[in-house]
$ cat start00.cif   # mmCIF, C-alpha atoms and all ligand atoms
data_start
#
loop_
_atom_site.label_atom_id
_atom_site.label_comp_id
_atom_site.auth_asym_id
_atom_site.auth_seq_id
_atom_site.Cartn_x
_atom_site.Cartn_y
_atom_site.Cartn_z
CA MET A 1 71.19 42.37 128.49
CA SER A 2 69.46 45.18 130.36
CA LEU A 3 70.79 47.12 133.31
CA ASN A 4 69.02 46.56 136.59
CA PRO A 5 70.59 48.96 139.13
CA ARG A 6 68.18 47.91 141.88
CA LEU A 7 69.30 44.26 141.87
CA VAL A 8 72.97 45.26 141.77
CA LYS A 9 72.56 47.67 144.70
CA GLU A 10 70.54 45.25 146.83
CA SER A 11 73.07 42.45 146.43
CA PHE A 12 76.01 44.83 146.89
CA SER A 13 74.57 46.02 150.20
CA VAL A 14 74.90 42.42 151.43
CA VAL A 15 78.60 42.42 150.43
CA GLU A 16 79.46 45.91 151.77
CA PRO A 17 79.67 44.99 155.48
CA GLN A 18 82.15 42.24 154.51
CA ALA A 19 84.28 44.57 152.38
CA ASP A 20 87.69 43.51 153.76
CA LYS A 21 87.08 39.81 153.30
CA ALA A 22 85.48 40.30 149.91
CA THR A 23 88.40 42.32 148.49
CA ALA A 24 90.94 39.83 149.85
CA TYR A 25 88.93 37.02 148.22
CA PHE A 26 88.71 38.98 144.97
CA TYR A 27 92.47 39.48 144.65
CA GLY A 28 93.19 35.90 145.80
CA ARG A 29 90.94 34.60 143.09
CA LEU A 30 92.23 37.03 140.43
CA PHE A 31 95.88 36.10 141.03
CA ALA A 32 95.19 32.36 141.40
CA GLU A 33 93.47 32.29 138.02
CA ASN A 34 95.81 34.82 136.35
CA PRO A 35 99.23 34.65 138.05
CA HIS A 36 100.74 36.85 135.32
CA LEU A 37 98.62 39.79 136.54
CA ARG A 38 100.27 39.88 139.99
CA GLY A 39 103.26 41.78 138.60
CA MET A 40 101.02 44.70 137.62
CA PHE A 41 100.16 45.40 141.25
CA PRO A 42 102.33 46.78 144.08
CA PRO A 43 104.00 44.31 146.49
CA ALA A 44 101.80 45.47 149.43
CA MET A 45 98.12 45.44 148.51
CA ASP A 46 96.54 47.27 151.47
CA VAL A 47 95.86 50.64 149.80
CA GLN A 48 94.98 48.90 146.54
CA ARG A 49 92.26 46.91 148.33
CA ASP A 50 90.69 50.05 149.77
CA ARG A 51 90.80 51.71 146.37
CA LEU A 52 89.12 48.83 144.61
CA PHE A 53 86.29 48.78 147.08
CA SER A 54 85.78 52.52 147.17
CA ALA A 55 85.70 52.67 143.35
CA LEU A 56 83.26 49.77 143.25
CA THR A 57 81.08 51.42 145.90
CA ARG A 58 81.02 54.65 143.95
CA ILE A 59 80.12 52.84 140.72
CA VAL A 60 77.33 50.77 142.28
CA TRP A 61 75.71 53.72 144.06
CA SER A 62 75.89 55.92 140.94
CA LEU A 63 74.26 53.40 138.61
CA ASP A 64 71.16 55.60 138.53
CA SER A 65 73.13 58.74 137.50
CA PRO A 66 74.49 57.78 134.08
CA ASP A 67 76.23 61.11 133.41
CA SER A 68 78.34 61.29 136.55
CA LEU A 69 78.99 57.53 136.32
CA ALA A 70 80.21 57.86 132.73
CA ALA A 71 82.49 60.78 133.72
CA PHE A 72 83.94 58.76 136.61
CA LEU A 73 84.46 55.62 134.53
CA GLY A 74 86.03 57.68 131.75
CA GLN A 75 88.61 59.08 134.18
CA LEU A 76 89.18 55.63 135.68
CA GLY A 77 89.73 54.09 132.25
CA ARG A 78 92.25 56.77 131.27
CA ASP A 79 94.00 56.40 134.62
CA HIS A 80 94.33 52.61 134.16
CA ARG A 81 96.51 53.12 131.08
CA LYS A 82 99.45 53.90 133.37
CA TYR A 83 99.24 50.36 134.84
CA GLY A 84 99.54 48.84 131.35
CA VAL A 85 95.96 47.51 131.55
CA LEU A 86 94.69 45.99 128.28
CA SER A 87 91.12 45.28 127.29
CA GLU A 88 91.57 41.49 127.82
CA HIS A 89 92.41 42.12 131.50
CA TYR A 90 88.85 43.34 132.02
CA THR A 91 87.52 39.81 131.38
CA ALA A 92 89.78 38.37 134.08
CA VAL A 93 88.74 41.09 136.55
CA GLY A 94 85.05 40.64 135.66
CA ASN A 95 85.20 36.89 136.29
CA ALA A 96 86.89 37.36 139.68
CA LEU A 97 84.44 40.11 140.64
CA LEU A 98 81.40 38.04 139.75
CA ALA A 99 82.77 35.06 141.69
CA THR A 100 83.36 37.34 144.69
CA ILE A 101 79.89 38.90 144.71
CA ARG A 102 78.31 35.47 144.19
CA CYS A 103 80.24 34.09 147.16
CA PHE A 104 79.54 36.98 149.56
CA ALA A 105 75.91 37.49 148.53
CA ALA A 106 75.22 33.73 148.37
CA ASP A 107 72.17 33.99 150.64
CA VAL A 108 70.30 36.23 148.22
CA TRP A 109 71.86 35.10 144.91
CA THR A 110 69.57 34.42 141.91
CA HIS A 111 69.99 34.12 138.14
CA GLU A 112 68.48 37.60 137.78
CA ILE A 113 71.07 39.11 140.10
CA GLU A 114 73.84 37.38 138.20
CA ALA A 115 72.51 38.76 134.91
CA ALA A 116 72.27 42.26 136.43
CA TRP A 117 75.92 42.14 137.56
CA VAL A 118 77.12 40.83 134.20
CA ALA A 119 75.24 43.64 132.41
CA ALA A 120 76.50 46.34 134.78
CA TYR A 121 80.10 45.14 134.67
CA THR A 122 80.09 44.81 130.88
CA ALA A 123 78.73 48.34 130.47
CA ALA A 124 81.25 49.79 132.96
CA ALA A 125 84.21 47.92 131.44
CA ASN A 126 83.22 49.02 127.93
CA LEU A 127 83.11 52.67 129.02
CA MET A 128 86.56 52.36 130.62
CA ILE A 129 88.04 50.59 127.57
CA GLU A 130 86.57 53.11 125.11
CA SER A 131 87.84 56.04 127.14
CA ALA A 132 91.34 54.50 127.42
CA GLU A 133 91.42 53.84 123.68
CA SER A 134 90.37 57.34 122.68
CA ASP A 135 92.81 58.86 125.21
CA ALA A 136 95.67 56.80 123.76
CA GLY A 137 95.44 58.84 120.55
CA THR A 138 96.02 62.16 122.32
CA SER A 139 97.77 61.72 125.68
CA PRO A 140 100.62 59.77 127.24
CA ALA A 141 99.66 57.05 129.75
CA TRP A 142 101.77 58.87 132.35
CA TRP A 143 104.01 61.94 132.55
CA PRO A 144 107.62 61.92 133.75
CA ALA A 145 108.17 65.07 135.82
CA GLU A 146 111.37 66.63 137.15
CA VAL A 147 111.55 67.97 140.69
CA VAL A 148 112.52 71.62 140.24
CA ASP A 149 112.01 72.76 143.83
CA HIS A 150 111.64 71.09 147.21
CA GLU A 151 110.82 73.06 150.37
CA LEU A 152 110.51 71.46 153.77
CA ARG A 153 108.00 73.80 155.41
CA HIS A 154 107.56 71.71 158.61
CA PRO A 155 109.30 68.47 159.67
CA ASP A 156 106.35 66.55 158.19
CA ILE A 157 105.24 68.81 155.34
CA ALA A 158 106.95 69.57 152.02
CA VAL A 159 105.93 71.69 149.06
CA VAL A 160 107.32 70.06 145.93
CA THR A 161 107.40 71.78 142.52
CA LEU A 162 107.50 69.60 139.40
CA ARG A 163 107.99 70.23 135.73
CA PRO A 164 106.26 67.54 133.63
CA ALA A 165 108.15 66.64 130.43
CA GLN A 166 104.97 67.36 128.47
CA PRO A 167 102.21 69.77 129.52
CA LEU A 168 99.76 68.13 131.90
CA PRO A 169 96.24 69.36 131.05
CA TYR A 170 94.32 69.71 134.31
CA LEU A 171 91.61 71.84 135.84
CA PRO A 172 92.13 73.74 139.11
CA GLY A 173 90.99 71.50 141.99
CA GLN A 174 91.96 68.22 140.29
CA TYR A 175 94.46 65.68 141.61
CA VAL A 176 97.09 63.43 140.07
CA THR A 177 98.66 60.15 141.14
CA VAL A 178 102.40 60.07 141.84
CA GLN A 179 104.91 57.23 141.69
CA THR A 180 108.50 57.50 142.94
CA ALA A 181 111.44 55.50 141.56
CA ARG A 182 111.88 53.99 145.02
CA TRP A 183 108.45 52.31 145.10
CA PRO A 184 107.57 50.94 141.65
CA ARG A 185 103.84 50.41 141.00
CA VAL A 186 102.87 52.30 144.19
CA TRP A 187 100.80 55.34 143.19
CA ARG A 188 99.48 57.96 145.65
CA THR A 189 97.19 60.87 145.00
CA TYR A 190 98.00 64.56 145.49
CA SER A 191 96.04 67.60 144.45
CA VAL A 192 97.73 70.13 142.22
CA ALA A 193 98.13 73.21 144.40
CA ASN A 194 98.27 75.86 141.68
CA ALA A 195 96.19 77.02 138.73
CA PRO A 196 97.79 76.11 135.37
CA ARG A 197 100.93 78.19 134.75
CA PRO A 198 102.60 79.26 131.50
CA ASP A 199 105.75 77.26 132.42
CA ASN A 200 103.60 74.12 133.08
CA THR A 201 105.06 73.59 136.56
CA ILE A 202 102.82 72.14 139.24
CA ARG A 203 103.08 72.17 143.01
CA LEU A 204 102.13 69.43 145.46
CA HIS A 205 101.60 69.77 149.21
CA VAL A 206 102.81 66.59 150.89
CA ARG A 207 102.36 65.58 154.50
CA SER A 208 104.10 62.46 155.74
CA VAL A 209 101.62 59.82 156.81
CA PRO A 210 102.77 57.18 159.34
CA GLY A 211 103.82 54.15 157.28
CA GLY A 212 103.23 56.13 154.07
CA TRP A 213 105.90 54.98 151.62
CA VAL A 214 105.39 57.62 148.98
CA SER A 215 104.78 60.58 151.28
CA THR A 216 107.87 59.74 153.36
CA THR A 217 109.97 59.37 150.21
CA LEU A 218 108.67 62.67 148.82
CA ILE A 219 109.48 64.49 152.06
CA ARG A 220 112.76 62.93 153.14
CA ASP A 221 114.42 61.34 150.11
CA THR A 222 113.50 63.51 147.15
CA ARG A 223 115.91 66.08 145.72
CA ILE A 224 115.88 68.72 142.99
CA GLY A 225 116.63 66.95 139.69
CA ASP A 226 114.86 63.68 140.64
CA THR A 227 112.20 62.33 138.29
CA LEU A 228 108.71 61.27 139.42
CA MET A 229 105.89 59.80 137.39
CA LEU A 230 102.43 61.38 137.28
CA GLY A 231 99.14 59.78 136.27
CA PRO A 232 96.44 61.72 134.41
CA PRO A 233 94.47 64.42 136.27
CA MET A 234 91.24 63.34 137.95
CA GLY A 235 88.53 64.76 140.17
CA THR A 236 85.41 66.82 139.91
CA MET A 237 85.91 69.59 142.48
CA THR A 238 86.56 72.35 139.96
CA PRO A 239 85.44 75.98 140.10
CA ASP A 240 82.12 76.98 138.59
CA GLU A 241 83.23 79.58 136.04
CA GLN A 242 79.71 80.84 135.33
CA SER A 243 78.95 81.62 138.95
CA GLU A 244 78.64 85.21 140.15
CA ARG A 245 78.60 84.24 143.81
CA ASP A 246 81.09 84.97 146.56
CA VAL A 247 83.31 82.07 147.52
CA LEU A 248 84.07 80.23 150.76
CA CYS A 249 87.01 77.79 150.87
CA VAL A 250 87.47 75.63 153.97
CA ALA A 251 90.85 73.87 154.03
CA GLY A 252 92.03 71.38 156.67
CA GLY A 253 95.81 70.81 156.69
CA THR A 254 97.22 69.87 153.28
CA GLY A 255 93.63 69.81 152.00
CA LEU A 256 94.60 73.42 151.24
CA ALA A 257 96.26 72.30 147.98
CA PRO A 258 93.25 72.07 145.62
CA LEU A 259 91.57 75.09 147.23
CA LYS A 260 94.63 77.25 146.61
CA ALA A 261 94.49 76.21 142.93
CA ILE A 262 90.80 77.15 142.84
CA VAL A 263 91.41 80.55 144.50
CA GLU A 264 94.25 81.27 142.07
CA SER A 265 92.04 80.44 139.12
CA VAL A 266 89.14 82.58 140.36
CA ILE A 267 91.58 85.48 140.75
CA ALA A 268 93.06 84.83 137.28
CA SER A 269 89.57 84.74 135.73
CA GLY A 270 89.20 88.48 136.26
CA ARG A 271 86.09 88.07 138.41
CA ARG A 272 86.01 90.01 141.66
CA PRO A 273 84.04 87.91 144.14
CA ASN A 274 84.72 88.17 147.84
CA ILE A 275 86.68 85.06 148.78
CA HIS A 276 87.08 83.75 152.32
CA LEU A 277 89.79 81.12 152.71
CA LEU A 278 89.86 79.44 156.13
CA HIS A 279 92.95 77.30 156.64
CA GLY A 280 92.85 75.06 159.70
CA ALA A 281 95.86 73.39 161.31
CA ARG A 282 96.42 71.68 164.61
CA THR A 283 99.38 73.93 165.55
CA ALA A 284 100.69 77.26 164.25
CA GLY A 285 103.78 75.48 162.89
CA GLU A 286 101.52 73.48 160.56
CA LEU A 287 100.18 76.62 158.87
CA TYR A 288 102.85 75.78 156.31
CA ASP A 289 101.70 78.08 153.51
CA LEU A 290 100.81 81.22 155.44
CA PRO A 291 103.44 83.58 153.90
CA ASP A 292 102.25 82.63 150.38
CA LEU A 293 98.60 83.05 151.32
CA ILE A 294 99.30 86.44 152.85
CA ARG A 295 101.05 87.49 149.63
CA MET A 296 97.99 86.41 147.64
CA GLU A 297 95.77 88.35 150.01
CA SER A 298 97.80 91.54 149.64
CA SER A 299 97.68 91.38 145.84
CA PHE A 300 93.92 90.65 145.65
CA PRO A 301 91.93 92.90 148.03
CA TRP A 302 88.77 90.73 147.75
CA LEU A 303 90.53 87.73 149.36
CA ARG A 304 90.47 87.24 153.09
CA VAL A 305 92.72 84.51 154.55
CA LEU A 306 91.86 83.25 158.04
CA PRO A 307 94.25 80.86 159.74
CA VAL A 308 92.60 78.73 162.45
CA VAL A 309 94.48 76.60 165.00
CA SER A 310 92.74 73.80 166.89
CA ASP A 311 95.19 72.14 169.29
CA GLN A 312 97.42 74.91 170.68
CA PRO A 313 95.71 76.83 173.49
CA ALA A 314 98.47 79.48 173.59
CA TYR A 315 97.99 80.37 169.90
CA ASP A 316 97.49 84.08 169.56
CA GLY A 317 94.89 84.06 166.75
CA MET A 318 91.65 82.36 165.79
CA ARG A 319 91.33 79.08 167.68
CA GLY A 320 88.92 76.15 167.41
CA HIS A 321 87.75 73.33 165.19
CA LEU A 322 87.20 74.35 161.61
CA PRO A 323 83.56 73.20 161.25
CA GLU A 324 82.52 75.22 164.32
CA VAL A 325 84.59 78.26 163.38
CA VAL A 326 83.12 78.26 159.86
CA GLN A 327 79.62 78.13 161.27
CA ARG A 328 79.99 80.86 163.87
CA PHE A 329 82.03 83.21 161.69
CA HIS A 330 79.43 84.13 159.08
CA ARG A 331 76.33 83.00 157.19
CA TRP A 332 77.32 81.31 153.93
CA ASP A 333 73.96 80.51 152.34
CA GLU A 334 74.66 82.77 149.32
CA HIS A 335 78.18 81.43 148.70
CA ASP A 336 79.80 78.82 146.51
CA VAL A 337 81.60 76.58 148.98
CA TYR A 338 84.65 74.35 148.49
CA VAL A 339 85.75 72.05 151.32
CA CYS A 340 88.82 69.81 151.52
CA GLY A 341 90.79 68.13 154.32
CA PRO A 342 90.47 65.15 156.66
CA HIS A 343 87.23 63.20 155.95
CA ALA A 344 85.67 63.81 159.36
CA MET A 345 86.36 67.54 159.11
CA VAL A 346 84.85 67.72 155.63
CA ASN A 347 81.75 65.74 156.63
CA GLU A 348 81.14 67.83 159.72
CA THR A 349 81.66 71.12 157.86
CA VAL A 350 79.24 70.06 155.12
CA ARG A 351 76.68 68.92 157.70
CA ARG A 352 76.76 72.26 159.53
CA LEU A 353 76.64 74.33 156.34
CA GLN A 354 73.65 72.35 155.12
CA ALA A 355 71.92 72.80 158.47
CA ASP A 356 72.46 76.56 158.02
CA GLY A 357 70.71 76.51 154.66
CA VAL A 358 73.56 76.19 152.13
CA PRO A 359 72.15 74.02 149.33
CA LEU A 360 74.17 70.85 148.75
CA ALA A 361 74.47 71.71 145.05
CA ARG A 362 76.63 74.70 146.00
CA ILE A 363 78.96 72.74 148.28
CA HIS A 364 81.87 71.27 146.32
CA ARG A 365 83.98 68.48 147.76
CA ASP A 366 85.91 65.61 146.30
CA ILE A 367 86.77 62.16 147.45
CA VAL A 368 90.51 61.92 146.96
CA PRO A 369 91.67 58.35 147.55
CA GLY A 370 94.89 57.34 149.28
CA GLU A 371 97.53 58.74 151.59
CA HIS A 372 99.01 62.24 151.33
N1 LIG B 401 97.87 66.79 150.09
C1 LIG B 401 96.88 66.93 149.25
O1 LIG B 401 97.08 67.22 148.07
C2 LIG B 401 95.46 66.70 149.69
C3 LIG B 401 95.14 66.29 150.96
N2 LIG B 401 93.84 65.97 151.27
C4 LIG B 401 93.48 65.45 152.58
O2 LIG B 401 93.61 66.47 153.52
C5 LIG B 401 93.86 65.90 154.79
C6 LIG B 401 94.95 66.71 155.43
O3 LIG B 401 95.32 66.13 156.61
P1 LIG B 401 96.30 66.83 157.65
O4 LIG B 401 97.14 67.86 156.98
O5 LIG B 401 96.98 65.71 158.36
O6 LIG B 401 95.25 67.54 158.61
P2 LIG B 401 95.23 67.66 160.21
O7 LIG B 401 94.91 66.37 160.83
O8 LIG B 401 96.50 68.33 160.61
O9 LIG B 401 93.98 68.63 160.42
C7 LIG B 401 93.81 69.83 159.70
C8 LIG B 401 92.66 70.60 160.25
O10 LIG B 401 91.47 69.82 160.27
C9 LIG B 401 90.90 69.81 161.57
N3 LIG B 401 90.35 68.48 161.87
C10 LIG B 401 91.02 67.31 161.81
N4 LIG B 401 90.19 66.30 162.16
C11 LIG B 401 88.99 66.87 162.46
C12 LIG B 401 87.72 66.35 162.88
N5 LIG B 401 87.54 65.05 163.10
N6 LIG B 401 86.72 67.23 163.09
C13 LIG B 401 86.91 68.55 162.87
N7 LIG B 401 88.06 69.09 162.48
C14 LIG B 401 89.09 68.27 162.27
C15 LIG B 401 92.05 70.13 162.50
O11 LIG B 401 91.56 70.71 163.69
C16 LIG B 401 92.83 71.10 161.66
O12 LIG B 401 92.25 72.39 161.74
C17 LIG B 401 94.19 64.43 154.58
O13 LIG B 401 93.08 63.67 154.97
C18 LIG B 401 94.37 64.34 153.08
O14 LIG B 401 93.93 63.08 152.62
C19 LIG B 401 92.83 66.14 150.38
C20 LIG B 401 93.08 66.60 149.13
C21 LIG B 401 94.41 66.92 148.70
#
$ encode --input "start00.cif" --output "structure tokens"
Amino acid sequence: MSLNPRLVKESFSVVEPQADKATAYFYGRLFAENPHLRGMFPPAMDVQRDRLFSALTRIVWSLDSPDSLAAFLGQLGRDHRKYGVLSEHYTAVGNALLATIRCFAADVWTHEIEAAWVAAYTAAANLMIESAESDAGTSPAWWPAEVVDHELRHPDIAVVTLRPAQPLPYLPGQYVTVQTARWPRVWRTYSVANAPRPDNTIRLHVRSVPGGWVSTTLIRDTRIGDTLMLGPPMGTMTPDEQSERDVLCVAGGTGLAPLKAIVESVIASGRRPNIHLLHGARTAGELYDLPDLIRMESSFPWLRVLPVVSDQPAYDGMRGHLPEVVQRFHRWDEHDVYVCGPHAMVNETVRRLQADGVPLARIHRDIVPGEH
């Protein structure tokens, strides 16, 4: 069986515009043929559907970049251990996936396309299974973590500090998934907002999202002493330790979390680059971490923190939309850049920086799935 990325991509592009229907069909088929698997998924499947399709999209479009694909599938395989996924489940998922693609790409379907999908899925599943198996020898499938601090910094934003029962090995900029006792099997992603600490505690920045079960629970119904569950660390937006360049961090709202971890780690590395950290919020009250950032700034003279407010005309400081403010403030074509926040803000910031000559290879961003 040989891989044929072109055939997989061409047929997938026929399915992509029908993503909602295709994922609903996929899960319908999976659960009809394997009713015992339903219990492994959360009661409401909306976020799960989006996740499946975004992971599939990422896999299909990276078929030509074996290294980054293998890294992504390795993380995905390790992460699936927390759901109790076993290697035999991959056959059930593969059958339902193939039936789905065949149904939604029926107009272009051929034996060659079928063979290309079978080969691609088999290779991807094998990578995930191997990574899960080798991880099982060294790491837990998930980490129980005690809430050791809970600060409501704004009616909709909390900073939660956790102490995992065992050290959680992560890199600055990575994210973890979180499950609360109140919502079994519902996992949501949050970036770790600090560089690794000697006491192993980690901080999360949580904003309540309308209808967001986990974020609302973490903000309103979580107390010191509660236990949460954490999945393994994931994500590729980590600092480039070899780089000698100055650093620009552009943070929108709680997208500050991973960038604060990155800034802390650059400071801890002993390097002395100039760091600009722009933190954008809609109102001054949502600059929820300003006192901490100002403390960091006063202890590291090479750091400059710039709060920016977009939706409060009376704000007595820098006002405007982050992408425009970033662009007019300075030229950044010699910097390493890290950007995190709402998708539209990130896309627009990256677009403007590129237009100003910052090479894409120096702009670091991550696609963090789910609500916050
Ligand atoms: N909590 C966490 O650990 C993490 C959160 N994120 C993401 O960060 C985002 C944070 O959202 P909020 O705090 O609600 O941010 P928000 O909606 O309050 O906006 C924050 C800033 O982004 C700007 N902005 C928003 N939409 C924009 C657009 N379309 N064009 C230009 N600028 C725009 C605003 O003007 C403001 O300066 C979420 O999308 C979340 O998924 C990402 C990684 C980690």
$ closest_residue --input "start00.cif" --among "A:Asp156, A:Glu241, A:Asp221, A:Glu297" --to "ligand LIG 401 (chain B)" --atoms "all atoms listed in the file"
A:Asp156
$ residues_around --input "start00.cif" --residues "A:Pro196" --least-positions-apart "4" --cutoff "10 Å" --atoms "all atoms listed in the file" --output "PDB file with C-alpha atoms, keeping the file's coordinate frame"
ATOM      1  CA  PRO A 167     102.210  69.770 129.520  1.00  0.00           C
ATOM      2  CA  LEU A 168      99.760  68.130 131.900  1.00  0.00           C
ATOM      3  CA  PRO A 169      96.240  69.360 131.050  1.00  0.00           C
ATOM      4  CA  TYR A 170      94.320  69.710 134.310  1.00  0.00           C
ATOM      5  CA  LEU A 171      91.610  71.840 135.840  1.00  0.00           C
ATOM      6  CA  PRO A 172      92.130  73.740 139.110  1.00  0.00           C
ATOM      7  CA  VAL A 192      97.730  70.130 142.220  1.00  0.00           C
ATOM      8  CA  ASN A 200     103.600  74.120 133.080  1.00  0.00           C
ATOM      9  CA  THR A 201     105.060  73.590 136.560  1.00  0.00           C
ATOM     10  CA  ILE A 202     102.820  72.140 139.240  1.00  0.00           C
ATOM     11  CA  ALA A 261      94.490  76.210 142.930  1.00  0.00           C
ATOM     12  CA  GLU A 264      94.250  81.270 142.070  1.00  0.00           C
ATOM     13  CA  SER A 265      92.040  80.440 139.120  1.00  0.00           C
TER      14      SER A 265
END
$ residues_around --input "start00.cif" --residues "A:Thr122" --least-positions-apart "3" --cutoff "9 Å" --atoms "all atoms listed in the file" --output "list in words"
Tyr90, Thr91, Gly94, Trp117, Val118, Ala119, Ala125, Asn126 and Leu127 of chain A
$ closest_residue --input "start00.cif" --among "A:Glu286, A:Glu16, A:Asp246, A:Glu146" --to "ligand LIG 401 (chain B)" --atoms "only C-alpha atoms and all ligand atoms"
A:Glu286
$ residues_around --input "start00.cif" --residues "A:Ser54" --least-positions-apart "6" --cutoff "10 Å" --atoms "all atoms listed in the file" --output "mmCIF file with C-alpha atoms, in the frame of the given file"
data_model
loop_
_atom_site.group_PDB
_atom_site.id
_atom_site.type_symbol
_atom_site.label_atom_id
_atom_site.label_comp_id
_atom_site.auth_asym_id
_atom_site.auth_seq_id
_atom_site.Cartn_x
_atom_site.Cartn_y
_atom_site.Cartn_z
ATOM 1 C CA ALA A 19 84.280 44.570 152.380
ATOM 2 C CA GLN A 48 94.980 48.900 146.540
ATOM 3 C CA VAL A 60 77.330 50.770 142.280
ATOM 4 C CA ILE A 367 86.770 62.160 147.450
ATOM 5 C CA PRO A 369 91.670 58.350 147.550
#
